[in-house]
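Okay, so here's the structure we're looking at.
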Amino acid sequence: MLFWHTQPEPYHHHQFPTSNNSYLRDVLALPIFKQEDSSLPPENETKRPPFQYVMCAATSPAVKLHDETLTYLNQGQSYEIRMLDNRKAGDMPEITGKLVKSIIRVVFHDRRLQYTEHQQLEGWKWNRPGDRLLDLDIPMSIGVIDIKTNPSQLNAVEFLWDPAKRTSAFIQVHCISTEFTPRKHGGEKGVPFRIQVDTFKQTENGEYTDHLHSASCQIKVFKPKGADRKQKTDREKMEKRTAHEKEKYQPSYDTTILTECSPWPDTPTAYVNNTSTPAPTFTSAQHSSTYSIPDSNSSSPNHQGDGSSQGSGDQLLPSATIQETQQWLLKHRFSTYTRLFSNFSGADLLKLTREDLVQICGPADGIRLYNALKSRSVRPRLTIYVCQEPARSIQLESQQDAGSSDNSNGAIYVYHAIYLEEMAASEVTRKLALVFNIPLHQINQVYRQGPTGIHILVSDQMVQNFQDESCFLVTIIKAENGEGFHIILK
């Protein structure tokens with residue numbers, strides 16, 4: 001039984017939109033595409049995905065046409081995701097009669113939060129010890145076997161299932177959307193999440209790492225019964241609109257169909273091997289009293305908090321070979337287009353204009369690919385420079401002040417740039433934690449040293465009045481009770 005209803009499929013940041021205009025036909029007719037012509041589907045034929053995932057929760061009626069659907073969920077409530085075999089006769093015969101593996105994740109929809117996912121999840125884990133962001137309701141689930149949850153990945157579950165048999169996975173989301181919103185005045189707007197399902201088949205070595213299909217949907221999670229109230233509020237608002245205004249909005253559907261997307265960049269090998277080493281995105285910070293200084297780009301606007309170095313490999317060079325270009329596309333979450341660009345070298349891809357990429361990849365992915373190719377970063381609102389003050393210089397400070405002006409101890413002070421996208425004290429604290437390798441939850445307070453040596457608590461208003469490119473010496477001291485640290489900016 002397939003749930004292939006007429007729910008609109010809006011442009012999605014992962015989707016490959018089908019375009020019938022003459023410009024795209026001209027692009028695909030270029031010599032670089034010619035050997036692919038025979039394998040590309042006809043323009044009037046939509047490629048049918050091998051699987052379909054349907055979540056039994058109603059979509060919001062307050063979503064405009066051509067926008068992605070939005071579904072409200074209650075925290076901790078079990079929701080069914082039906083895992084459906086959608087293959088035509090003869091499609092993918094290699095998985096007939098065999099099991100496949102699916103990984104279900106709850107991830108951030110907001111790109112800004114994706115960049116800081118590690119810190120966000122670490123903070124959530126610290127505030128909710130022993131809890132998981134996502135669980136599988138095993139007693140209610142049907143047809144799922146060999147269920148695994150990795151303690152180091154609190155936002156994902158995996159299981160095996162047989163496409164030929166009825167399969168339903170009942171999930172529970174325990175994080176709510178407002179938990180990741182900065183607390184200011186109450187009544188904050190919650191952030192959206194995504195539910196994503198990635199499915200893999202077994203390889204010759206017995207591991208389920210061969211990607212078959214991925215799909216996702218946008219959700220918001222409320223405290224118990226909050227989703228029902230929000231759905232009712234949206235419905236009442238729509239009823240008050242005129243008939244002309246209602247035409248601009250999608251109807252509410254009883255179920256949510258997950259739309260096709262690129263696979264999540266984390267490889268599933270951490271689950272297969274069941275090792276204690278977590279995937280890089282969720283690697284826990286080591287609780288250490290020593291502060292090794294990472295590379296200064298760890299606090300740059302493009303830092304994603306994955307602990308990996310951001311080297312020149314992030315930029316596609318004109319000299320890149322076809323194979324290197326394919327690897328670059330995969331690394332930057334453009335796997336949907338690897339086949340389309342299978343004959344492109346780095347120079348070929350870099351020659352495409354923004355308009356070309358939008359026509360080929362659609363507005364969302366086209367702009368994202370253009371920005372990635374041009375290495376465009378979000379311009380920081382404020383830049384400050386920090387340097388950890390050595391303990392020796394603290395002890396000799398008074399002696400140096402009383403002595404000659406030359407640097408008698410020969411110390412070289414190396415500063416690290418901190419780029420602030422938000423003019424907030426919490427942003428300063430988070431970036432200092434990254435630079436000085438301190439777990440965020442262990443920083444109790446951040447002070448600025450004022451006149452006569454007084455310590456002034458760093459607030460949002462103080463950060464907003466920082467001069468751009470200000471320099472600070474940083475002193476890190478143990479809290480009086482021995483729990484955590486205070487940071488003093490001088």
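Quick note on naming: the chains in the structure tokens go A, B, ... in the order shown, residues restart at 1 in each chain, and ligands are numbered from 1 in order of appearance.
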Would you write out, as a Markdown table, a table of all residues in stretch 171-209 of chain A that have an atom no more than 8 Å from an atom of stretch 83-106 of chain A, listing for each the closest atom pair and the distance in Å to one decimal, considering only C-alpha atoms and ordering rows by chain and rising residue number?
| residue | atom | partner | partner_atom | distance |
| --- | --- | --- | --- | --- |
| A:Val173 | CA | A:Val106 | CA | 7.7 |
| A:Phe193 | CA | A:Val106 | CA | 6.6 |
| A:Arg194 | CA | A:Val106 | CA | 5.6 |
| A:Ile195 | CA | A:Val106 | CA | 4.8 |
| A:Gln196 | CA | A:Arg105 | CA | 5.3 |
| A:Val197 | CA | A:Ile104 | CA | 4.6 |
| A:Asp198 | CA | A:Ile103 | CA | 5.3 |
| A:Thr199 | CA | A:Ser102 | CA | 4.2 |
| A:Phe200 | CA | A:Lys101 | CA | 5.2 |
| A:Lys201 | CA | A:Val100 | CA | 4.9 |
| A:Gln202 | CA | A:Val100 | CA | 6.9 |
| A:Tyr208 | CA | A:Lys101 | CA | 6.4 |
Store the residues picked out above in a file with N, CA and C atoms, as a JSON list (two decimals), in the first residue's frame.
[["chain", "number", "residue", "atom", "x", "y", "z"],
["A", 173, "VAL", "N", 10.62, 12.03, 19.66],
["A", 173, "VAL", "CA", 11.59, 13.13, 19.70],
["A", 173, "VAL", "C", 11.50, 13.80, 21.07],
["A", 193, "PHE", "N", 13.42, 21.56, 13.13],
["A", 193, "PHE", "CA", 14.30, 20.40, 12.97],
["A", 193, "PHE", "C", 13.97, 19.72, 11.64],
["A", 194, "ARG", "N", 14.74, 18.67, 11.34],
["A", 194, "ARG", "CA", 14.43, 17.80, 10.22],
["A", 194, "ARG", "C", 14.47, 16.35, 10.70],
["A", 195, "ILE", "N", 13.53, 15.56, 10.23],
["A", 195, "ILE", "CA", 13.59, 14.11, 10.38],
["A", 195, "ILE", "C", 14.14, 13.58, 9.06],
["A", 196, "GLN", "N", 15.27, 12.87, 9.11],
["A", 196, "GLN", "CA", 15.88, 12.34, 7.88],
["A", 196, "GLN", "C", 16.06, 10.83, 8.00],
["A", 197, "VAL", "N", 15.74, 10.13, 6.92],
["A", 197, "VAL", "CA", 15.90, 8.67, 6.84],
["A", 197, "VAL", "C", 16.89, 8.37, 5.71],
["A", 198, "ASP", "N", 17.96, 7.66, 6.05],
["A", 198, "ASP", "CA", 18.94, 7.22, 5.05],
["A", 198, "ASP", "C", 18.92, 5.69, 5.01],
["A", 199, "THR", "N", 18.83, 5.12, 3.83],
["A", 199, "THR", "CA", 18.73, 3.66, 3.67],
["A", 199, "THR", "C", 19.92, 3.14, 2.86],
["A", 200, "PHE", "N", 20.46, 2.00, 3.32],
["A", 200, "PHE", "CA", 21.66, 1.42, 2.72],
["A", 200, "PHE", "C", 21.44, -0.07, 2.46],
["A", 201, "LYS", "N", 22.15, -0.59, 1.45],
["A", 201, "LYS", "CA", 22.14, -2.03, 1.21],
["A", 201, "LYS", "C", 23.49, -2.61, 1.64],
["A", 202, "GLN", "N", 23.53, -3.92, 1.73],
["A", 202, "GLN", "CA", 24.73, -4.62, 2.19],
["A", 202, "GLN", "C", 25.76, -4.73, 1.07],
["A", 208, "TYR", "N", 26.60, -2.59, 5.83],
["A", 208, "TYR", "CA", 25.51, -1.84, 5.18],
["A", 208, "TYR", "C", 25.97, -0.40, 4.97]]
Restricting the calculation to only C-alpha atoms: of A:Thr475, A:Leu73, A:Arg379, A:Phe485, which residue gets closest to A:Lys225? A:Leu73
For A:Gly226, the nearest of the candidates A:Ser177, A:Glu247, A:Trp264, A:Tyr415, counting only C-alpha atoms: A:Ser177
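Among A:Asp228, A:Glu179, A:Asp137, A:Asp348, the residue with the shortest atom-to-atom distance to A:Asn74, counting only C-alpha atoms, is A:Asp228.
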Show me, as a list in words, the residues that have an atom within 12 Å of A:Ala57 when counting only C-alpha atoms, minus same-chain residues fewer than 5 positions from it.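 Listed by chain and then number, they are Thr69, Leu70, Thr71, Tyr72, Leu73, Asn74, Gln77, Ser78, Tyr79, Glu80, Ile81, Arg82, Phe170, Ile171, Cys217, Gln218, Ile219, Lys220, Ala227, Asp228, Gln231, Ser252, Tyr253, Asp254, Thr255, Thr256, Ile257 and Leu258 of chain A.
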